[in-house]
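Student: Pasting coords.txt here (compact mmCIF, C-alpha atoms):
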```
# COMPACT_ATOMS: atom_id res chain seq x y z
CA MET X 1 -14.06 38.33 -3.49
CA LYS X 2 -10.36 38.40 -2.61
CA ASP X 3 -8.85 41.75 -1.73
CA GLU X 4 -5.84 41.88 -4.07
CA LYS X 5 -3.85 44.02 -1.62
CA THR X 6 -4.49 42.16 1.63
CA GLY X 7 -4.96 38.60 0.33
CA LEU X 8 -8.06 38.29 2.52
CA LEU X 9 -11.46 36.91 1.59
CA GLU X 10 -14.86 37.24 3.24
CA GLY X 11 -16.45 33.87 3.94
CA PRO X 12 -20.09 32.82 3.66
CA ASP X 13 -20.34 33.42 7.42
CA GLY X 14 -19.12 36.99 7.05
CA LYS X 15 -15.73 36.26 8.64
CA ILE X 16 -12.49 37.40 7.03
CA ARG X 17 -9.91 34.74 6.23
CA CYS X 18 -6.83 34.05 4.11
CA PHE X 19 -7.95 33.90 0.49
CA TRP X 20 -6.51 30.60 -0.67
CA HIS X 21 -9.36 28.27 0.30
CA GLY X 22 -11.64 30.11 -2.13
CA ASN X 23 -14.64 29.46 0.15
CA LEU X 24 -14.81 25.86 -1.05
CA PRO X 25 -16.41 24.03 1.90
CA ASP X 26 -13.78 21.29 2.32
CA TYR X 27 -10.89 23.67 1.74
CA LEU X 28 -12.36 26.27 4.10
CA ALA X 29 -12.71 23.61 6.82
CA TYR X 30 -9.06 22.65 6.29
CA HIS X 31 -8.05 26.32 6.62
CA ASP X 32 -10.02 26.77 9.84
CA HIS X 33 -9.42 23.49 11.64
CA GLU X 34 -6.06 22.17 10.45
CA TRP X 35 -3.75 24.56 8.63
CA GLY X 36 -1.23 26.15 10.97
CA ARG X 37 -2.44 24.40 14.11
CA PRO X 38 0.58 22.80 15.83
CA VAL X 39 1.01 19.06 15.33
CA THR X 40 3.25 16.81 17.42
CA ASP X 41 1.99 13.39 16.33
CA ASP X 42 4.71 11.53 14.43
CA HIS X 43 2.38 9.83 11.97
CA ARG X 44 0.59 13.05 11.08
CA LEU X 45 3.92 14.78 10.56
CA PHE X 46 5.10 11.95 8.33
CA GLU X 47 1.83 11.97 6.42
CA LYS X 48 2.03 15.67 5.75
CA ILE X 49 5.60 15.78 4.54
CA CYS X 50 4.88 12.87 2.19
CA LEU X 51 1.68 14.43 0.89
CA GLU X 52 3.51 17.71 0.31
CA GLY X 53 5.87 15.68 -1.88
CA PHE X 54 2.93 14.21 -3.78
CA GLN X 55 1.57 17.74 -4.23
CA SER X 56 4.64 18.84 -6.21
CA GLY X 57 3.33 20.11 -9.54
CA LEU X 58 -0.29 19.85 -8.35
CA SER X 59 -2.62 21.81 -6.07
CA TRP X 60 -3.04 20.98 -2.39
CA LEU X 61 -6.79 20.77 -2.97
CA THR X 62 -6.20 17.81 -5.31
CA ILE X 63 -4.25 16.04 -2.59
CA LEU X 64 -6.68 17.01 0.17
CA ARG X 65 -9.56 15.45 -1.74
CA LYS X 66 -7.58 12.23 -2.17
CA ARG X 67 -6.19 12.21 1.37
CA GLU X 68 -8.37 9.41 2.71
CA ASN X 69 -7.36 7.28 -0.27
CA PHE X 70 -3.71 8.00 0.46
CA ARG X 71 -4.21 7.06 4.10
CA GLU X 72 -5.73 3.75 3.14
CA ALA X 73 -3.05 3.06 0.54
CA PHE X 74 -0.17 3.89 2.88
CA GLU X 75 -1.36 2.15 6.07
CA GLY X 76 -2.38 5.36 7.78
CA PHE X 77 1.13 6.70 7.14
CA GLU X 78 2.47 4.57 9.96
CA PHE X 79 6.02 4.82 8.73
CA GLU X 80 7.06 1.67 10.56
CA ARG X 81 4.71 -0.27 8.24
CA VAL X 82 5.40 1.72 5.08
CA ALA X 83 9.12 1.09 5.56
CA ARG X 84 8.45 -2.60 4.89
CA PHE X 85 6.75 -1.98 1.52
CA THR X 86 8.35 -3.76 -1.42
CA GLU X 87 8.39 -3.33 -5.17
CA ASP X 88 5.21 -5.42 -5.24
CA ASP X 89 3.56 -2.70 -3.18
CA VAL X 90 4.82 -0.08 -5.61
CA GLU X 91 3.21 -1.96 -8.49
CA ARG X 92 -0.01 -2.29 -6.48
CA LEU X 93 -0.08 1.42 -5.70
CA LEU X 94 0.55 2.32 -9.33
CA THR X 95 -2.82 0.75 -10.15
CA ASN X 96 -4.65 2.67 -7.40
CA ALA X 97 -6.74 5.33 -9.16
CA GLY X 98 -7.59 6.94 -5.82
CA ILE X 99 -4.09 8.37 -5.32
CA VAL X 100 -1.52 10.16 -7.47
CA ARG X 101 0.05 7.32 -9.44
CA HIS X 102 3.59 8.63 -9.72
CA GLY X 103 6.25 5.95 -9.35
CA GLY X 104 8.94 8.33 -8.15
CA LYS X 105 6.73 9.82 -5.44
CA ILE X 106 5.49 6.41 -4.31
CA ARG X 107 9.05 5.11 -4.01
CA SER X 108 10.04 8.32 -2.27
CA THR X 109 7.36 7.74 0.37
CA ILE X 110 8.67 4.24 1.04
CA ASN X 111 12.24 5.52 1.18
CA ASN X 112 11.23 8.34 3.51
CA ALA X 113 9.43 5.86 5.77
CA LYS X 114 12.71 3.98 6.21
CA ARG X 115 14.50 7.24 6.91
CA ALA X 116 11.74 8.20 9.39
CA VAL X 117 12.30 4.98 11.34
CA GLU X 118 15.99 5.83 11.57
CA LEU X 119 15.29 9.43 12.53
CA ALA X 120 12.80 8.51 15.25
CA GLU X 121 15.27 6.05 16.73
CA MET X 122 18.03 8.65 16.68
CA GLU X 123 16.05 11.68 17.88
CA GLY X 124 13.40 10.02 20.05
CA SER X 125 10.57 11.08 17.75
CA LEU X 126 9.95 12.86 14.48
CA ALA X 127 8.20 15.58 16.44
CA ALA X 128 11.28 16.30 18.54
CA TYR X 129 13.36 16.59 15.38
CA PHE X 130 10.98 18.77 13.37
CA TRP X 131 10.09 21.13 16.21
CA ARG X 132 13.76 21.75 16.81
CA HIS X 133 13.63 23.59 13.48
CA GLU X 134 10.89 25.99 14.57
CA PRO X 135 12.10 29.52 13.75
CA PRO X 136 12.72 31.81 16.74
CA ALA X 137 10.09 34.50 17.18
CA ASP X 138 12.59 37.28 16.53
CA GLU X 139 13.37 35.81 13.11
CA ARG X 140 9.76 35.88 11.96
CA PRO X 141 8.10 38.79 10.10
CA ALA X 142 6.72 41.48 12.40
CA VAL X 143 3.51 41.43 10.35
CA MET X 144 2.42 38.50 8.20
CA ASP X 145 0.82 40.37 5.33
CA PHE X 146 0.06 39.17 1.81
CA ALA X 147 3.16 40.76 0.27
CA THR X 148 5.41 38.98 2.77
CA LEU X 149 3.72 35.63 2.27
CA ARG X 150 3.73 35.90 -1.52
CA THR X 151 7.42 36.81 -1.77
CA ASN X 152 8.70 34.18 0.69
CA PRO X 153 7.89 30.66 -0.55
CA THR X 154 10.98 29.49 1.32
CA THR X 155 12.95 30.69 4.34
CA LYS X 156 16.44 30.08 5.64
CA HIS X 157 14.88 27.71 8.17
CA SER X 158 13.06 25.63 5.57
CA THR X 159 16.24 25.58 3.48
CA ALA X 160 18.27 24.35 6.45
CA LEU X 161 15.70 21.67 7.29
CA SER X 162 15.53 20.60 3.64
CA LYS X 163 19.32 20.25 3.47
CA ASP X 164 19.44 18.23 6.67
CA LEU X 165 16.67 15.88 5.53
CA LYS X 166 18.40 15.34 2.19
CA LYS X 167 21.67 14.63 4.00
CA ARG X 168 19.79 11.95 5.95
CA GLY X 169 18.56 10.38 2.70
CA TRP X 170 15.04 11.84 2.43
CA SER X 171 13.68 12.75 -1.01
CA PHE X 172 11.05 15.14 -2.41
CA VAL X 173 11.88 17.52 0.46
CA GLY X 174 12.97 20.70 -1.30
CA PRO X 175 12.87 24.04 0.58
CA THR X 176 9.47 25.05 -0.83
CA THR X 177 7.93 21.68 0.03
CA VAL X 178 9.43 21.84 3.51
CA TYR X 179 8.16 25.38 4.10
CA ALA X 180 4.63 24.35 3.11
CA PHE X 181 4.98 21.51 5.64
CA MET X 182 6.13 23.95 8.34
CA GLN X 183 3.18 26.26 7.61
CA ALA X 184 0.64 23.45 7.73
CA MET X 185 2.00 21.76 10.85
CA GLY X 186 2.15 24.95 12.88
CA LEU X 187 5.90 25.41 13.11
CA VAL X 188 5.08 28.89 11.85
CA ASN X 189 1.83 30.84 11.87
CA ASP X 190 1.30 32.16 8.36
CA HIS X 191 -2.36 33.01 8.66
CA LEU X 192 -2.45 36.56 7.37
CA ALA X 193 -2.92 39.59 9.58
CA GLY X 194 -6.67 40.14 9.58
CA CYS X 195 -7.56 36.46 9.19
CA CYS X 196 -10.06 35.38 11.85
CA MET X 197 -8.04 32.22 12.55
CA ARG X 198 -4.67 33.83 13.13
CA GLU X 199 -5.16 34.53 16.84
CA ASP X 200 -6.68 31.10 17.53
CA VAL X 201 -3.69 29.41 15.92
CA GLU X 202 -1.26 31.63 17.79
CA GLN X 203 -2.89 30.78 21.10
CA GLU X 204 -2.52 27.07 20.33
CA ARG X 205 1.13 27.62 19.48
CA GLN X 206 1.72 29.55 22.69
CA ALA X 207 0.09 26.82 24.78
CA LEU X 208 2.01 24.01 23.09
CA VAL X 209 4.58 22.09 25.10
CA ARG X 210 7.33 21.57 22.53
CA PRO X 211 8.37 17.93 22.18
CA GLY X 212 11.86 16.83 23.05
```
Go through the file and emit its structure as structure tokens.
Tutor:
Amino acid sequence: MKDEKTGLLEGPDGKIRCFWHGNLPDYLAYHDHEWGRPVTDDHRLFEKICLEGFQSGLSWLTILRKRENFREAFEGFEFERVARFTEDDVERLLTNAGIVRHGGKIRSTINNAKRAVELAEMEGSLAAYFWRHEPPADERPAVMDFATLRTNPTTKHSTALSKDLKKRGWSFVGPTTVYAFMQAMGLVNDHLAGCCMREDVEQERQALVRPG
């Protein structure tokens, strides 16, 4: 049962974790092995920011359980390929029951793929661009507790990144969506104090050679 004050939850293995996975096996595995661990692969970064856009108005669990379908539908999120999708592809994807069939989000993914090609050419890689927006350590909370996490769905850094992406023509990249992306891809470590994964994630972040 979740501790309402700490936001922590005891798992079936007796370990204490962030509450949000609810001890659902697939969601718990995502919490332990993916969420917050630093990512520098361009295609994974592109996938995540697009899937965060698809999540808008839905739960991440819904998207997570459809993720393999999304990967198949969008060519593994190789943005160089997705950038060549046409309106015929949009119509095809709108009939794909395995994904979220939202025309605006599908078209946004294709648009963002084109913008990703441009950004990678300009910056050298998506990773170099996104990691340049990693918040400095002295601008992060001293303690990541539940109250801090709950009251900060956006930050000045996610707002700045959102504004820059929009200026470059990206869509479905509001500050809340961008902050969720930053949390998931390890640009910040928002595992709660007391979560058994927080130190593991922090060690990975410390060992990471930042791209660019």
Student: So that each row is one residue of stretch 54-145 of chain X with an atom at most 12 Å from stretch 176-194 of chain X, can you give its shortest atom pair and the distance in Å to one decimal, using only C-alpha atoms, rows by chain and rising number, as JSON lines?
Tutor:
```
{"residue": "X:Phe54", "atom": "CA", "partner": "X:Thr177", "partner_atom": "CA", "distance": 9.8}
{"residue": "X:Gln55", "atom": "CA", "partner": "X:Thr177", "partner_atom": "CA", "distance": 8.6}
{"residue": "X:Ser56", "atom": "CA", "partner": "X:Thr177", "partner_atom": "CA", "distance": 7.6}
{"residue": "X:Gly57", "atom": "CA", "partner": "X:Thr177", "partner_atom": "CA", "distance": 10.7}
{"residue": "X:Leu58", "atom": "CA", "partner": "X:Thr177", "partner_atom": "CA", "distance": 11.9}
{"residue": "X:Ser59", "atom": "CA", "partner": "X:Ala180", "partner_atom": "CA", "distance": 12.0}
{"residue": "X:Trp60", "atom": "CA", "partner": "X:Ala180", "partner_atom": "CA", "distance": 10.0}
{"residue": "X:Ala127", "atom": "CA", "partner": "X:Met185", "partner_atom": "CA", "distance": 10.4}
{"residue": "X:Ala128", "atom": "CA", "partner": "X:Leu187", "partner_atom": "CA", "distance": 11.9}
{"residue": "X:Tyr129", "atom": "CA", "partner": "X:Leu187", "partner_atom": "CA", "distance": 11.8}
{"residue": "X:Phe130", "atom": "CA", "partner": "X:Leu187", "partner_atom": "CA", "distance": 8.4}
{"residue": "X:Trp131", "atom": "CA", "partner": "X:Leu187", "partner_atom": "CA", "distance": 6.7}
{"residue": "X:Arg132", "atom": "CA", "partner": "X:Leu187", "partner_atom": "CA", "distance": 9.4}
{"residue": "X:His133", "atom": "CA", "partner": "X:Leu187", "partner_atom": "CA", "distance": 7.9}
{"residue": "X:Glu134", "atom": "CA", "partner": "X:Leu187", "partner_atom": "CA", "distance": 5.2}
{"residue": "X:Pro135", "atom": "CA", "partner": "X:Val188", "partner_atom": "CA", "distance": 7.3}
{"residue": "X:Pro136", "atom": "CA", "partner": "X:Val188", "partner_atom": "CA", "distance": 9.5}
{"residue": "X:Ala137", "atom": "CA", "partner": "X:Val188", "partner_atom": "CA", "distance": 9.2}
{"residue": "X:Glu139", "atom": "CA", "partner": "X:Val188", "partner_atom": "CA", "distance": 10.9}
{"residue": "X:Arg140", "atom": "CA", "partner": "X:Val188", "partner_atom": "CA", "distance": 8.4}
{"residue": "X:Pro141", "atom": "CA", "partner": "X:Asp190", "partner_atom": "CA", "distance": 9.7}
{"residue": "X:Ala142", "atom": "CA", "partner": "X:Ala193", "partner_atom": "CA", "distance": 10.2}
{"residue": "X:Val143", "atom": "CA", "partner": "X:Ala193", "partner_atom": "CA", "distance": 6.7}
{"residue": "X:Met144", "atom": "CA", "partner": "X:Leu192", "partner_atom": "CA", "distance": 5.3}
{"residue": "X:Asp145", "atom": "CA", "partner": "X:Leu192", "partner_atom": "CA", "distance": 5.4}
```
Student: Store the residues picked out above, limited to C-alpha atoms, as a PDB file, in the frame of the given file.
Tutor:
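Once written, result-v2.pdb looks like this:
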```pdb
ATOM      1  CA  PHE X  54       2.930  14.210  -3.780  1.00  0.00           C
ATOM      2  CA  GLN X  55       1.570  17.740  -4.230  1.00  0.00           C
ATOM      3  CA  SER X  56       4.640  18.840  -6.210  1.00  0.00           C
ATOM      4  CA  GLY X  57       3.330  20.110  -9.540  1.00  0.00           C
ATOM      5  CA  LEU X  58      -0.290  19.850  -8.350  1.00  0.00           C
ATOM      6  CA  SER X  59      -2.620  21.810  -6.070  1.00  0.00           C
ATOM      7  CA  TRP X  60      -3.040  20.980  -2.390  1.00  0.00           C
ATOM      8  CA  ALA X 127       8.200  15.580  16.440  1.00  0.00           C
ATOM      9  CA  ALA X 128      11.280  16.300  18.540  1.00  0.00           C
ATOM     10  CA  TYR X 129      13.360  16.590  15.380  1.00  0.00           C
ATOM     11  CA  PHE X 130      10.980  18.770  13.370  1.00  0.00           C
ATOM     12  CA  TRP X 131      10.090  21.130  16.210  1.00  0.00           C
ATOM     13  CA  ARG X 132      13.760  21.750  16.810  1.00  0.00           C
ATOM     14  CA  HIS X 133      13.630  23.590  13.480  1.00  0.00           C
ATOM     15  CA  GLU X 134      10.890  25.990  14.570  1.00  0.00           C
ATOM     16  CA  PRO X 135      12.100  29.520  13.750  1.00  0.00           C
ATOM     17  CA  PRO X 136      12.720  31.810  16.740  1.00  0.00           C
ATOM     18  CA  ALA X 137      10.090  34.500  17.180  1.00  0.00           C
ATOM     19  CA  GLU X 139      13.370  35.810  13.110  1.00  0.00           C
ATOM     20  CA  ARG X 140       9.760  35.880  11.960  1.00  0.00           C
ATOM     21  CA  PRO X 141       8.100  38.790  10.100  1.00  0.00           C
ATOM     22  CA  ALA X 142       6.720  41.480  12.400  1.00  0.00           C
ATOM     23  CA  VAL X 143       3.510  41.430  10.350  1.00  0.00           C
ATOM     24  CA  MET X 144       2.420  38.500   8.200  1.00  0.00           C
ATOM     25  CA  ASP X 145       0.820  40.370   5.330  1.00  0.00           C
TER      26      ASP X 145
END
```
Student: Could you jot down the atom CA of X:Leu61 to atom CA of X:Gly98 separation for me, Å, one decimal place?
Tutor: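 So the answer is 14.1 Å.
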Student: Please measure the separation of atom CA of X:Asp32 and atom CA of X:Met197, giving the value in Å to one decimal.
Tutor: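 One can read the atom CA of X:Asp32 to atom CA of X:Met197 distance as 6.4 Å.
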Student: Using all atoms listed in the file, which residue out of X:Ala73, X:Phe46, X:Gly174, X:Ser125 lies closest to X:Thr154?
Tutor: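 Smallest distance to X:Thr154 is found for X:Gly174.
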Student: Can you tell me, as a ChimeraX atom specification, what residues are no more than 9 Å from X:Glu80 when counting all atoms listed in the file, ignoring any on the same chain fewer than 3 positions away?
Tutor: /X:77,83-84,113-114,116-117
Student: Around (16.1, 14.0, 2.9) in the file's own coordinates, what residues are found within 12 Å if you use all atoms listed in the file, given back as number ranges by chain?
Tutor: X: 49-50, 53, 108-109, 111-116, 118-119, 159-175, 177-178
Student: Just how far from atom CA of X:Glu123 is atom CA of X:Leu208, in Å to one decimal?
Tutor: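 Here the two named atoms are 19.4 Å from each other.
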Student: Nearest residue to X:Leu8 out of X:Pro211, X:Leu94, X:Gln206, X:Cys196, using only C-alpha atoms?
Tutor: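 Between X:Pro211, X:Leu94, X:Gln206, X:Cys196, the residue approaching X:Leu8 most closely is X:Cys196.
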Student: How would you write as a list in words the residues that get within 8 Å of (1.4, 41.2, 2.2) in the file's frame, counting all atoms listed in the file?
Tutor: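 Checking each residue against the 8 Å limit leaves Lys5, Thr6, Gly7, Met144, Asp145, Phe146, Ala147, Thr148, Leu149, Arg150 and Leu192 of chain X.
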Student: Under the rule that all atoms listed in the file are counted, which of X:Arg107, X:Lys156, X:Asp3, X:Ala207 is the nearest residue to X:Cys18?
Tutor: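 Once distances to X:Cys18 are computed over all atoms listed in the file, the minimum belongs to X:Asp3.
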Student: Given only C-alpha atoms as the basis, pick out the residue of X:Asp42, X:Glu10, X:Glu75, X:Asp200 nearest to X:Asn23.
Tutor: X:Glu10
